[in-house]
$ cat final_38.txt   # compact mmCIF, C-alpha atoms
# COMPACT_ATOMS: atom_id res chain seq x y z
CA MET M 4 -46.76 55.94 44.69
CA THR M 5 -44.31 54.79 47.32
CA GLU M 6 -41.27 56.71 48.56
CA ILE M 7 -38.93 54.48 46.59
CA GLU M 8 -40.80 55.06 43.35
CA ILE M 9 -40.73 58.84 43.82
CA THR M 10 -37.00 58.74 44.61
CA LYS M 11 -36.36 56.56 41.57
CA GLY M 12 -38.25 59.01 39.37
CA ALA M 13 -36.31 61.96 40.77
CA ILE M 14 -32.97 60.24 40.22
CA ALA M 15 -33.99 59.30 36.68
CA LEU M 16 -34.86 62.96 36.03
CA ILE M 17 -31.40 64.05 37.24
CA GLY M 18 -29.86 61.37 35.04
CA TYR M 19 -31.69 62.69 32.01
CA GLY M 20 -30.48 66.21 32.80
CA LEU M 21 -26.90 64.98 32.99
CA ALA M 22 -27.32 63.08 29.73
CA ALA M 23 -28.49 66.25 28.01
CA ILE M 24 -25.39 68.33 28.91
CA GLY M 25 -22.92 66.70 26.54
CA PRO M 26 -25.13 66.63 23.45
CA GLY M 27 -26.20 70.21 24.18
CA VAL M 28 -22.60 71.41 24.08
CA GLY M 29 -21.91 69.19 21.09
CA ILE M 30 -24.82 70.42 19.00
CA GLY M 31 -23.89 74.01 19.86
CA ILE M 32 -20.34 73.55 18.61
CA LEU M 33 -21.56 71.65 15.55
CA ALA M 34 -24.18 74.17 14.48
CA GLY M 35 -21.83 77.09 15.17
CA ASN M 36 -19.11 75.63 13.00
CA ALA M 37 -21.62 74.77 10.29
CA VAL M 38 -22.83 78.38 10.22
CA GLN M 39 -19.23 79.54 9.99
CA ALA M 40 -18.56 77.16 7.13
CA MET M 41 -21.68 78.31 5.30
CA ALA M 42 -20.74 81.96 5.80
CA ARG M 43 -17.22 81.42 4.49
CA GLN M 44 -18.30 79.35 1.52
CA PRO M 45 -21.98 79.94 0.68
CA GLU M 46 -21.83 77.75 -2.45
CA ALA M 47 -21.10 74.71 -0.25
CA ALA M 48 -24.11 75.43 1.97
CA GLY M 49 -26.18 72.49 0.76
CA MET M 50 -23.48 69.95 1.47
CA VAL M 51 -22.65 71.50 4.84
CA ARG M 52 -26.32 71.46 5.83
CA THR M 53 -26.72 67.76 5.06
CA THR M 54 -23.58 66.92 6.98
CA MET M 55 -24.71 69.15 9.84
CA PHE M 56 -28.03 67.30 10.11
CA LEU M 57 -26.17 64.00 10.12
CA GLY M 58 -23.86 65.18 12.88
CA ILE M 59 -26.75 66.57 14.90
CA ALA M 60 -28.63 63.28 14.52
CA PHE M 61 -25.67 61.29 15.83
CA THR M 62 -24.98 63.69 18.69
CA GLU M 63 -28.61 63.97 19.68
CA ALA M 64 -28.93 60.19 20.03
CA LEU M 65 -27.06 60.32 23.36
CA ALA M 66 -29.56 62.72 24.89
CA LEU M 67 -32.45 60.72 23.50
CA ILE M 68 -31.12 57.49 25.00
CA GLY M 69 -31.04 59.31 28.33
CA PHE M 70 -34.63 60.37 27.72
CA VAL M 71 -35.71 56.79 27.04
CA LEU M 72 -33.85 55.51 30.10
CA PHE M 73 -35.82 58.06 32.13
CA PHE M 74 -39.00 56.28 31.07
CA LEU M 75 -37.53 52.86 31.67
CA ALA M 76 -36.30 53.72 35.19
CA MET S 17 -66.63 68.64 38.46
CA GLU S 18 -65.33 65.42 37.01
CA LEU S 19 -62.91 65.62 34.09
CA GLU S 20 -61.64 62.79 31.98
CA ILE S 21 -57.96 63.59 31.40
CA LEU S 22 -55.40 61.20 29.99
CA ALA S 23 -57.86 58.32 30.26
CA PHE S 24 -58.15 58.45 34.02
CA PRO S 25 -60.76 60.27 36.12
CA CYS S 26 -59.67 63.50 37.79
CA ASP S 27 -61.74 65.38 40.32
CA THR S 28 -60.82 69.05 40.10
CA GLN S 29 -62.53 69.90 43.37
CA THR S 30 -60.23 67.76 45.49
CA ASP S 31 -57.05 67.32 43.43
CA VAL S 32 -55.34 70.65 42.89
CA VAL S 33 -53.13 69.36 40.10
CA CYS S 34 -54.27 66.19 38.43
CA THR S 35 -51.07 64.19 38.30
CA PRO S 36 -51.20 61.01 36.34
CA PRO S 37 -50.46 57.98 38.52
CA PHE S 38 -47.37 57.23 36.47
CA VAL S 39 -45.84 58.44 33.25
CA ASN S 40 -46.64 55.10 31.65
CA GLU S 41 -50.31 56.14 31.71
CA LEU S 42 -49.50 58.15 28.59
CA PHE S 43 -48.38 55.00 26.81
CA GLU S 44 -51.48 52.93 27.34
CA THR S 45 -53.74 52.68 24.33
CA PRO S 46 -56.92 50.76 25.08
CA ASP S 47 -58.34 48.54 22.38
CA VAL S 48 -61.01 50.18 20.26
CA PHE S 49 -62.50 46.88 19.14
CA THR S 50 -61.54 43.23 19.01
CA ILE S 51 -61.54 41.22 15.80
CA PHE S 52 -60.97 37.43 15.95
CA GLY S 53 -59.49 37.75 19.42
CA VAL S 54 -56.94 40.37 18.30
CA GLY S 55 -57.35 43.76 19.94
CA VAL S 56 -57.17 46.71 17.56
CA ASN S 57 -56.12 49.97 19.17
CA ARG S 58 -56.00 53.53 17.98
CA ALA S 59 -52.37 53.40 16.89
CA MET S 60 -53.08 50.51 14.54
CA LEU S 61 -56.09 52.24 13.01
CA LEU S 62 -54.09 55.43 12.51
CA MET S 63 -51.31 53.44 10.89
CA PHE S 64 -53.75 52.26 8.23
CA VAL S 65 -54.97 55.85 7.86
CA ALA S 66 -51.37 57.01 7.33
CA ALA S 67 -50.73 54.36 4.69
CA PHE S 68 -53.97 55.29 2.97
CA VAL S 69 -53.08 58.99 3.04
CA VAL S 70 -49.69 58.29 1.44
CA ILE S 71 -51.29 56.16 -1.28
CA ALA S 72 -53.98 58.76 -1.95
CA LEU S 73 -51.39 61.56 -2.03
CA LEU S 74 -49.29 59.78 -4.62
CA TYR S 75 -52.31 58.64 -6.64
CA PHE S 76 -53.93 62.05 -6.91
CA ALA S 77 -50.65 63.87 -7.50
CA LEU S 78 -49.29 61.59 -10.21
CA ARG S 79 -52.55 60.35 -11.74
CA LYS S 80 -52.33 62.44 -14.89
CA ARG S 81 -49.17 62.91 -16.85
CA ALA S 82 -49.28 66.46 -18.08
CA VAL S 83 -46.65 68.73 -19.55
CA VAL S 84 -47.56 71.35 -16.98
CA PRO S 85 -48.66 69.55 -13.79
CA SER S 86 -51.10 71.07 -11.35
CA LYS S 87 -49.89 72.99 -8.29
CA PHE S 88 -50.51 70.01 -6.05
CA GLY S 89 -48.75 67.69 -8.46
CA THR S 90 -45.76 70.01 -8.62
CA ALA S 91 -45.51 70.16 -4.84
CA VAL S 92 -45.57 66.38 -4.42
CA GLU S 93 -43.18 65.97 -7.33
CA SER S 94 -40.66 68.35 -5.80
CA LEU S 95 -40.88 66.40 -2.54
CA LEU S 96 -40.17 63.16 -4.38
CA THR S 97 -37.36 64.79 -6.33
CA LEU S 98 -35.82 65.99 -3.08
CA VAL S 99 -35.72 62.45 -1.68
CA LYS S 100 -34.60 60.90 -4.95
CA ASP S 101 -31.89 63.40 -5.92
CA GLU S 102 -30.66 64.75 -2.59
CA ILE S 103 -30.88 61.59 -0.53
CA ALA S 104 -30.93 58.52 -2.78
CA THR S 105 -28.52 59.41 -5.58
CA GLY S 106 -26.90 62.27 -3.68
CA ILE S 107 -25.66 60.07 -0.85
CA ILE S 108 -25.59 56.52 -2.16
CA GLY S 109 -24.38 57.44 -5.63
CA PRO S 110 -25.50 56.09 -9.02
CA GLN S 111 -26.64 52.80 -7.46
CA GLY S 112 -28.95 54.78 -5.21
CA ALA S 113 -31.69 54.92 -7.80
CA LYS S 114 -32.86 51.41 -6.99
CA TYR S 115 -33.18 52.27 -3.29
CA ALA S 116 -35.16 55.43 -4.06
CA PRO S 117 -38.62 53.75 -3.88
CA TYR S 118 -37.90 52.42 -0.40
CA LEU S 119 -36.55 55.78 0.80
CA ILE S 120 -39.52 57.66 -0.68
CA SER S 121 -41.96 55.24 0.97
CA ILE S 122 -40.49 55.51 4.45
CA PHE S 123 -40.06 59.27 4.10
CA LEU S 124 -43.71 59.85 3.21
CA PHE S 125 -45.02 57.33 5.74
CA ILE S 126 -42.97 58.75 8.62
CA LEU S 127 -43.85 62.30 7.55
CA VAL S 128 -47.58 61.58 7.60
CA GLY S 129 -47.24 59.62 10.85
CA ASN S 130 -45.31 62.46 12.49
CA LEU S 131 -47.66 65.17 11.28
CA MET S 132 -50.55 63.34 12.96
CA GLU S 133 -49.11 64.77 16.17
CA ILE S 134 -50.28 68.23 15.22
CA THR S 135 -53.36 67.29 13.20
CA PRO S 136 -56.44 68.51 15.06
CA PHE S 137 -58.72 65.75 16.43
CA ILE S 138 -56.00 63.13 15.97
CA ASN S 139 -53.17 64.65 18.03
CA PHE S 140 -51.35 61.38 18.25
CA PRO S 141 -48.14 60.60 16.34
CA ILE S 142 -48.11 56.91 15.48
CA THR S 143 -44.32 57.01 15.48
CA SER S 144 -44.38 57.70 19.22
CA ARG S 145 -45.11 54.02 19.82
CA MET S 146 -41.87 52.07 19.81
CA ALA S 147 -43.32 49.29 17.64
CA LEU S 148 -43.42 51.41 14.49
CA PRO S 149 -39.94 53.05 14.63
CA ALA S 150 -38.49 49.69 15.68
CA PHE S 151 -40.09 47.96 12.72
CA LEU S 152 -38.91 50.63 10.28
CA ALA S 153 -35.40 50.50 11.74
CA ILE S 154 -35.35 46.69 11.39
CA LEU S 155 -36.49 47.10 7.79
CA THR S 156 -33.59 49.48 7.11
CA TRP S 157 -31.25 47.08 8.93
CA VAL S 158 -32.35 44.16 6.76
CA ILE S 159 -31.94 46.24 3.61
CA PHE S 160 -28.46 47.54 4.38
CA VAL S 161 -27.19 44.14 5.53
CA PHE S 162 -28.68 42.50 2.46
CA ALA S 163 -27.18 45.21 0.21
CA GLY S 164 -23.79 44.68 1.83
CA PHE S 165 -23.80 40.92 1.25
CA LYS S 166 -25.10 41.39 -2.27
CA GLU S 167 -22.49 43.97 -3.29
CA GLN S 168 -19.46 42.53 -1.50
CA GLY S 169 -20.34 38.91 -0.74
CA LEU S 170 -18.94 37.49 2.49
CA GLY S 171 -16.23 40.14 2.32
CA TYR S 172 -18.78 42.54 3.79
CA LEU S 173 -18.64 40.77 7.14
CA GLY S 174 -14.91 40.23 6.73
CA HIS S 175 -14.22 43.95 6.28
CA ILE S 176 -16.15 44.70 9.43
CA VAL S 177 -14.75 42.14 11.86
CA TRP S 178 -11.20 42.09 10.41
CA PRO S 179 -10.46 45.58 8.98
CA LYS S 180 -7.33 45.46 6.80
CA ASP S 181 -6.30 49.10 7.22
CA VAL S 182 -5.87 48.87 11.00
CA PRO S 183 -2.63 47.71 12.73
CA ILE S 184 -2.81 43.96 13.25
CA ALA S 185 -2.65 44.12 17.05
CA LEU S 186 -5.76 46.26 17.22
CA ARG S 187 -7.82 44.53 14.54
CA TRP S 188 -9.84 42.29 16.86
CA LEU S 189 -10.77 45.24 19.09
CA VAL S 190 -11.78 47.52 16.21
CA GLY S 191 -13.61 44.56 14.69
CA ILE S 192 -15.68 44.00 17.81
CA ILE S 193 -16.47 47.71 18.15
CA GLU S 194 -17.44 47.99 14.48
CA PHE S 195 -19.55 44.84 14.63
CA VAL S 196 -21.51 46.06 17.66
CA SER S 197 -21.87 49.58 16.32
CA ILE S 198 -23.05 48.48 12.88
CA PHE S 199 -25.32 45.58 13.71
CA LEU S 200 -26.68 46.55 17.14
CA VAL S 201 -26.27 50.28 17.83
CA ARG S 202 -27.31 51.48 14.38
CA PRO S 203 -30.86 50.09 14.31
CA PHE S 204 -31.34 50.85 17.99
CA SER S 205 -30.32 54.49 17.72
CA LEU S 206 -32.28 54.90 14.48
CA ALA S 207 -35.46 53.71 16.16
CA VAL S 208 -34.88 55.51 19.45
CA ARG S 209 -34.16 58.84 17.74
CA LEU S 210 -37.49 58.94 15.95
CA PHE S 211 -39.41 57.53 18.92
CA ALA S 212 -37.93 59.82 21.56
CA ASN S 213 -38.31 62.98 19.51
CA LEU S 214 -41.98 62.32 18.90
CA VAL S 215 -42.68 61.18 22.47
CA ALA S 216 -41.01 64.31 23.82
CA GLY S 217 -43.16 66.50 21.58
CA HIS S 218 -46.31 64.57 22.38
CA VAL S 219 -45.75 64.70 26.14
CA MET S 220 -44.93 68.40 25.96
CA LEU S 221 -48.07 69.22 23.98
CA THR S 222 -50.21 67.02 26.23
CA LEU S 223 -48.92 68.71 29.36
CA LEU S 224 -49.37 72.23 28.02
CA LEU S 225 -52.83 71.69 26.56
CA VAL S 226 -54.11 69.73 29.58
CA THR S 227 -52.74 72.36 31.95
CA GLY S 228 -54.49 75.09 30.00
CA TYR S 229 -57.68 73.06 29.89
CA VAL S 230 -57.61 72.37 33.63
CA TYR S 231 -57.07 76.06 34.36
CA VAL S 232 -59.80 77.34 32.04
CA VAL S 233 -62.46 74.65 32.42
CA GLY S 234 -61.47 73.04 35.70
CA PHE S 235 -61.52 75.98 38.09
CA SER S 236 -63.04 78.77 36.10
CA ASN S 237 -64.52 80.33 39.25
CA ALA S 238 -61.18 81.80 40.34
CA THR S 239 -60.17 85.22 39.05
CA PHE S 240 -56.92 84.87 37.16
CA ASN S 241 -56.98 81.19 36.33
CA GLY S 242 -58.60 81.72 32.95
CA LEU S 243 -55.77 84.08 32.03
CA PHE S 244 -53.16 81.54 33.13
CA GLY S 245 -54.89 78.88 31.08
CA ALA S 246 -54.88 81.13 28.02
CA LEU S 247 -51.15 81.73 28.51
CA TRP S 248 -50.53 77.99 28.61
CA TRP S 249 -52.44 77.68 25.35
CA VAL S 250 -50.34 80.42 23.74
CA LEU S 251 -47.22 78.50 24.75
CA ALA S 252 -48.77 75.31 23.38
CA LEU S 253 -49.39 77.07 20.05
CA ALA S 254 -45.71 78.04 19.87
CA ILE S 255 -44.77 74.43 20.56
CA PHE S 256 -47.17 73.36 17.78
CA LEU S 257 -45.12 75.38 15.30
CA PHE S 258 -41.93 73.89 16.69
CA GLU S 259 -43.37 70.39 16.32
CA VAL S 260 -44.08 70.99 12.62
CA VAL S 261 -40.36 71.55 12.13
CA VAL S 262 -39.47 68.54 14.28
CA SER S 263 -41.86 66.26 12.39
CA ILE S 264 -40.46 67.16 8.99
CA LEU S 265 -36.87 67.10 10.20
CA GLN S 266 -37.17 63.70 11.85
CA ALA S 267 -38.69 62.15 8.74
CA TYR S 268 -35.83 63.66 6.73
CA ILE S 269 -33.19 62.48 9.19
CA PHE S 270 -34.55 58.93 9.33
CA THR S 271 -34.45 58.73 5.54
CA LEU S 272 -31.03 60.38 5.39
CA LEU S 273 -29.52 57.97 7.90
CA SER S 274 -31.06 54.98 6.13
CA ALA S 275 -29.38 56.20 2.94
CA VAL S 276 -26.06 56.70 4.74
CA TYR S 277 -26.20 53.18 6.18
CA ILE S 278 -27.01 51.70 2.77
CA GLN S 279 -24.16 53.75 1.30
CA THR S 280 -21.63 52.33 3.79
CA SER S 281 -22.70 48.82 2.77
CA VAL S 282 -22.53 49.55 -0.94
CA HIS S 283 -19.18 51.37 -0.91
CA PRO S 284 -16.88 49.79 1.68
CA GLU S 285 -13.79 51.94 1.14
CA HIS S 286 -15.24 55.28 2.12
$ encode --input "final_38.txt" --output "structure tokens"
Amino acid sequence: MTEIEITKGAIALIGYGLAAIGPGVGIGILAGNAVQAMARQPEAAGMVRTTMFLGIAFTEALALIGFVLFFLA
Amino acid sequence: MELEILAFPCDTQTDVVCTPPFVNELFETPDVFTIFGVGVNRAMLLMFVAAFVVIALLYFALRKRAVVPSKFGTAVESLLTLVKDEIATGIIGPQGAKYAPYLISIFLFILVGNLMEITPFINFPITSRMALPAFLAILTWVIFVFAGFKEQGLGYLGHIVWPKDVPIALRWLVGIIEFVSIFLVRPFSLAVRLFANLVAGHVMLTLLLVTGYVYVVGFSNATFNGLFGALWWVLALAIFLFEVVVSILQAYIFTLLSAVYIQTSVHPEH
């Protein structure tokens, strides 16, 4: 492995770390609010859970794209 | 001693930590055998195994129609009911019943494919090769585009590129964004989500198990290395449990998002 390849890998790793910050915060807020909603209205828990998974799936995609770009770099 | 790790030779006497030459080493699957000039690798074989497992599961669970089904039959039936009621008709609405067979098929196939990650002696999720998630995402794409044109005619495309409920000055911009997000980003993110989740789990398990193996078997002459290796294995066991959850959840999410995409094609107004 040449110097350039190692440097590229290291930069890609940092890029993945940066890409994971936003979705991490987002999923935290999302799950927290979903728990709050379920605690306030337990009979709506099923609907809230489905919507929560949907939201998590959309939010998580950003981090996963960063993860894939790490492999592509 | 010479170890064969990750399909490349690794001499534990000279290399302290056996680093793979590149991360892409993990993504190379050599051909098992060649038939008529077409190489067949492990992922393809396991794909047939997964399809066979799904067929066998459904056949043996639903073979006999009884008033009181067996325990196994009840379990499979409740799984199918979950997909049919919660996902198909729950999200798409009354028209969802005709998409239920497709959703059930992809749910079971992805579930079996994902669970291969944690099956002993297989330890390889077929959905961690981009070809399979990409194909399934394209299949969903074709179905929701086809459903849109079938339910709304050419108005389906018209609603997307020229949305009527947006101020006229912004319509072209919203139209472009919607067009790209529906026809390009949707299938891409659907495929990448499944792929990346499974690759992450697979890489994590590989690293932990190989590290433990190298510590225990590789340099067993040192004093504490066996203990370190055992600790890595304990961590790997915890990750195994985590991966069970991830496998089931990703199969569920793929099916759920497919249903949501079909729903947006079938009902344009909401």
$ closest_residue --input "final_38.txt" --among "M:Ala66, M:Gln39, M:Val71, M:Ala76" --to "M:Gly20" --atoms "only C-alpha atoms"
M:Ala66
$ residues_around --input "final_38.txt" --residues "S:Ile154" --least-positions-apart "5" --cutoff "9 Å" --atoms "all atoms listed in the file" --output "list in words"
Pro149, Ile159, Pro203, Phe204 and Ala207 of chain S
$ write_last_selection --input "final_38.txt" --atoms "C-alpha atoms" --output "short mmCIF file (atom, residue, chain, number, x, y, z; two decimals), keeping the file's coordinate frame"
data_model
loop_
_atom_site.label_atom_id
_atom_site.label_comp_id
_atom_site.auth_asym_id
_atom_site.auth_seq_id
_atom_site.Cartn_x
_atom_site.Cartn_y
_atom_site.Cartn_z
CA PRO S 149 -39.94 53.05 14.63
CA ILE S 159 -31.94 46.24 3.61
CA PRO S 203 -30.86 50.09 14.31
CA PHE S 204 -31.34 50.85 17.99
CA ALA S 207 -35.46 53.71 16.16
#
$ interface_residues --input "final_38.txt" --of "chain M" --to "chain S" --cutoff "8 Å" --atoms "all atoms listed in the file" --output "PyMOL selection string"
chain M and resi 4+56-57+60+63-64+67-68+70-71+74
$ residues_around --input "final_38.txt" --residues "S:Leu119" --least-positions-apart "5" --cutoff "8 Å" --atoms "all atoms listed in the file" --output "list in words"
Val99, Lys100, Ala104, Thr271, Ser274 and Ala275 of chain S
$ atom_distance --input "final_38.txt" --atom1 "atom CA of S:Leu127" --atom2 "atom CA of S:Ser263"
6.6 Å
$ atom_distance --input "final_38.txt" --atom1 "atom CA of M:Ala23" --atom2 "atom CA of M:Met55"
18.8 Å
$ atom_distance --input "final_38.txt" --atom1 "atom CA of S:Thr105" --atom2 "atom CA of S:Ser281"
14.7 Å
$ residues_around --input "final_38.txt" --residues "stretch 168-178 of chain S" --least-positions-apart "3" --cutoff "12 Å" --atoms "all atoms listed in the file" --output "number ranges by chain"
S: 160-165, 181-199, 280-285
$ closest_residue --input "final_38.txt" --among "S:Thr227, S:Ile134, S:Arg202, S:Pro110" --to "S:Leu253" --atoms "all atoms listed in the file"
S:Ile134
$ residues_around --input "final_38.txt" --residues "S:Ala66" --least-positions-apart "2" --cutoff "7 Å" --atoms "all atoms listed in the file" --output "list in words"
Leu62, Met63, Phe64, Phe68, Val69, Val70, Phe125, Val128 and Gly129 of chain S
$ closest_residue --input "final_38.txt" --among "S:Ala72, S:Ala59, S:Ala67, S:Ala77" --to "S:Ile142" --atoms "only C-alpha atoms"
S:Ala59
$ residues_around --input "final_38.txt" --residues "M:Ile24" --least-positions-apart "3" --cutoff "12 Å" --atoms "all atoms listed in the file" --output "JSON, numbers by chain"
{"M": [17, 18, 19, 20, 21, 27, 28, 29, 30, 31, 62, 63, 65, 66, 67, 69]}
$ write_last_selection --input "final_38.txt" --atoms "C-alpha atoms" --output "PDB file, keeping the file's coordinate frame"
ATOM      1  CA  ILE M  17     -31.400  64.050  37.240  1.00  0.00           C
ATOM      2  CA  GLY M  18     -29.860  61.370  35.040  1.00  0.00           C
ATOM      3  CA  TYR M  19     -31.690  62.690  32.010  1.00  0.00           C
ATOM      4  CA  GLY M  20     -30.480  66.210  32.800  1.00  0.00           C
ATOM      5  CA  LEU M  21     -26.900  64.980  32.990  1.00  0.00           C
ATOM      6  CA  GLY M  27     -26.200  70.210  24.180  1.00  0.00           C
ATOM      7  CA  VAL M  28     -22.600  71.410  24.080  1.00  0.00           C
ATOM      8  CA  GLY M  29     -21.910  69.190  21.090  1.00  0.00           C
ATOM      9  CA  ILE M  30     -24.820  70.420  19.000  1.00  0.00           C
ATOM     10  CA  GLY M  31     -23.890  74.010  19.860  1.00  0.00           C
ATOM     11  CA  THR M  62     -24.980  63.690  18.690  1.00  0.00           C
ATOM     12  CA  GLU M  63     -28.610  63.970  19.680  1.00  0.00           C
ATOM     13  CA  LEU M  65     -27.060  60.320  23.360  1.00  0.00           C
ATOM     14  CA  ALA M  66     -29.560  62.720  24.890  1.00  0.00           C
ATOM     15  CA  LEU M  67     -32.450  60.720  23.500  1.00  0.00           C
ATOM     16  CA  GLY M  69     -31.040  59.310  28.330  1.00  0.00           C
TER      17      GLY M  69
END
$ build_atoms --input "final_38.txt" --residues "stretch 9-29 of chain M" --atoms "N, CA and C atoms" --output "PDB file, keeping the file's coordinate frame"
ATOM      1  N   ILE M   9     -40.944  57.401  44.019  1.00  0.00           N
ATOM      2  CA  ILE M   9     -40.730  58.840  43.820  1.00  0.00           C
ATOM      3  C   ILE M   9     -39.238  59.128  43.732  1.00  0.00           C
ATOM      4  N   THR M  10     -38.443  58.503  44.627  1.00  0.00           N
ATOM      5  CA  THR M  10     -37.000  58.740  44.610  1.00  0.00           C
ATOM      6  C   THR M  10     -36.403  58.263  43.299  1.00  0.00           C
ATOM      7  N   LYS M  11     -36.859  57.086  42.842  1.00  0.00           N
ATOM      8  CA  LYS M  11     -36.360  56.560  41.570  1.00  0.00           C
ATOM      9  C   LYS M  11     -36.653  57.523  40.435  1.00  0.00           C
ATOM     10  N   GLY M  12     -37.888  58.062  40.412  1.00  0.00           N
ATOM     11  CA  GLY M  12     -38.250  59.010  39.370  1.00  0.00           C
ATOM     12  C   GLY M  12     -37.375  60.247  39.409  1.00  0.00           C
ATOM     13  N   ALA M  13     -37.111  60.744  40.650  1.00  0.00           N
ATOM     14  CA  ALA M  13     -36.310  61.960  40.770  1.00  0.00           C
ATOM     15  C   ALA M  13     -34.892  61.705  40.288  1.00  0.00           C
ATOM     16  N   ILE M  14     -34.331  60.537  40.657  1.00  0.00           N
ATOM     17  CA  ILE M  14     -32.970  60.240  40.220  1.00  0.00           C
ATOM     18  C   ILE M  14     -32.918  60.088  38.706  1.00  0.00           C
ATOM     19  N   ALA M  15     -33.959  59.461  38.138  1.00  0.00           N
ATOM     20  CA  ALA M  15     -33.990  59.300  36.680  1.00  0.00           C
ATOM     21  C   ALA M  15     -34.043  60.665  36.001  1.00  0.00           C
ATOM     22  N   LEU M  16     -34.794  61.603  36.594  1.00  0.00           N
ATOM     23  CA  LEU M  16     -34.860  62.960  36.030  1.00  0.00           C
ATOM     24  C   LEU M  16     -33.477  63.604  36.025  1.00  0.00           C
ATOM     25  N   ILE M  17     -32.747  63.471  37.164  1.00  0.00           N
ATOM     26  CA  ILE M  17     -31.400  64.050  37.240  1.00  0.00           C
ATOM     27  C   ILE M  17     -30.503  63.400  36.191  1.00  0.00           C
ATOM     28  N   GLY M  18     -30.662  62.081  36.036  1.00  0.00           N
ATOM     29  CA  GLY M  18     -29.860  61.370  35.040  1.00  0.00           C
ATOM     30  C   GLY M  18     -30.124  61.885  33.643  1.00  0.00           C
ATOM     31  N   TYR M  19     -31.399  62.155  33.336  1.00  0.00           N
ATOM     32  CA  TYR M  19     -31.690  62.690  32.010  1.00  0.00           C
ATOM     33  C   TYR M  19     -31.046  64.061  31.824  1.00  0.00           C
ATOM     34  N   GLY M  20     -31.113  64.886  32.882  1.00  0.00           N
ATOM     35  CA  GLY M  20     -30.480  66.210  32.800  1.00  0.00           C
ATOM     36  C   GLY M  20     -29.000  66.099  32.523  1.00  0.00           C
ATOM     37  N   LEU M  21     -28.333  65.164  33.222  1.00  0.00           N
ATOM     38  CA  LEU M  21     -26.900  64.980  32.990  1.00  0.00           C
ATOM     39  C   LEU M  21     -26.646  64.497  31.567  1.00  0.00           C
ATOM     40  N   ALA M  22     -27.519  63.606  31.081  1.00  0.00           N
ATOM     41  CA  ALA M  22     -27.320  63.080  29.730  1.00  0.00           C
ATOM     42  C   ALA M  22     -27.508  64.150  28.676  1.00  0.00           C
ATOM     43  N   ALA M  23     -28.217  65.213  29.007  1.00  0.00           N
ATOM     44  CA  ALA M  23     -28.490  66.250  28.010  1.00  0.00           C
ATOM     45  C   ALA M  23     -27.361  67.270  27.913  1.00  0.00           C
ATOM     46  N   ILE M  24     -26.442  67.299  28.912  1.00  0.00           N
ATOM     47  CA  ILE M  24     -25.390  68.330  28.910  1.00  0.00           C
ATOM     48  C   ILE M  24     -24.463  68.160  27.712  1.00  0.00           C
ATOM     49  N   GLY M  25     -23.909  66.940  27.587  1.00  0.00           N
ATOM     50  CA  GLY M  25     -22.920  66.700  26.540  1.00  0.00           C
ATOM     51  C   GLY M  25     -23.455  66.978  25.160  1.00  0.00           C
ATOM     52  N   PRO M  26     -24.575  66.350  24.771  1.00  0.00           N
ATOM     53  CA  PRO M  26     -25.130  66.630  23.450  1.00  0.00           C
ATOM     54  C   PRO M  26     -25.475  68.094  23.251  1.00  0.00           C
ATOM     55  N   GLY M  27     -25.905  68.783  24.311  1.00  0.00           N
ATOM     56  CA  GLY M  27     -26.200  70.210  24.180  1.00  0.00           C
ATOM     57  C   GLY M  27     -24.977  70.978  23.740  1.00  0.00           C
ATOM     58  N   VAL M  28     -23.866  70.744  24.447  1.00  0.00           N
ATOM     59  CA  VAL M  28     -22.600  71.410  24.080  1.00  0.00           C
ATOM     60  C   VAL M  28     -22.203  71.001  22.670  1.00  0.00           C
ATOM     61  N   GLY M  29     -22.339  69.695  22.390  1.00  0.00           N
ATOM     62  CA  GLY M  29     -21.910  69.190  21.090  1.00  0.00           C
ATOM     63  C   GLY M  29     -22.683  69.801  19.947  1.00  0.00           C
TER      64      GLY M  29
END
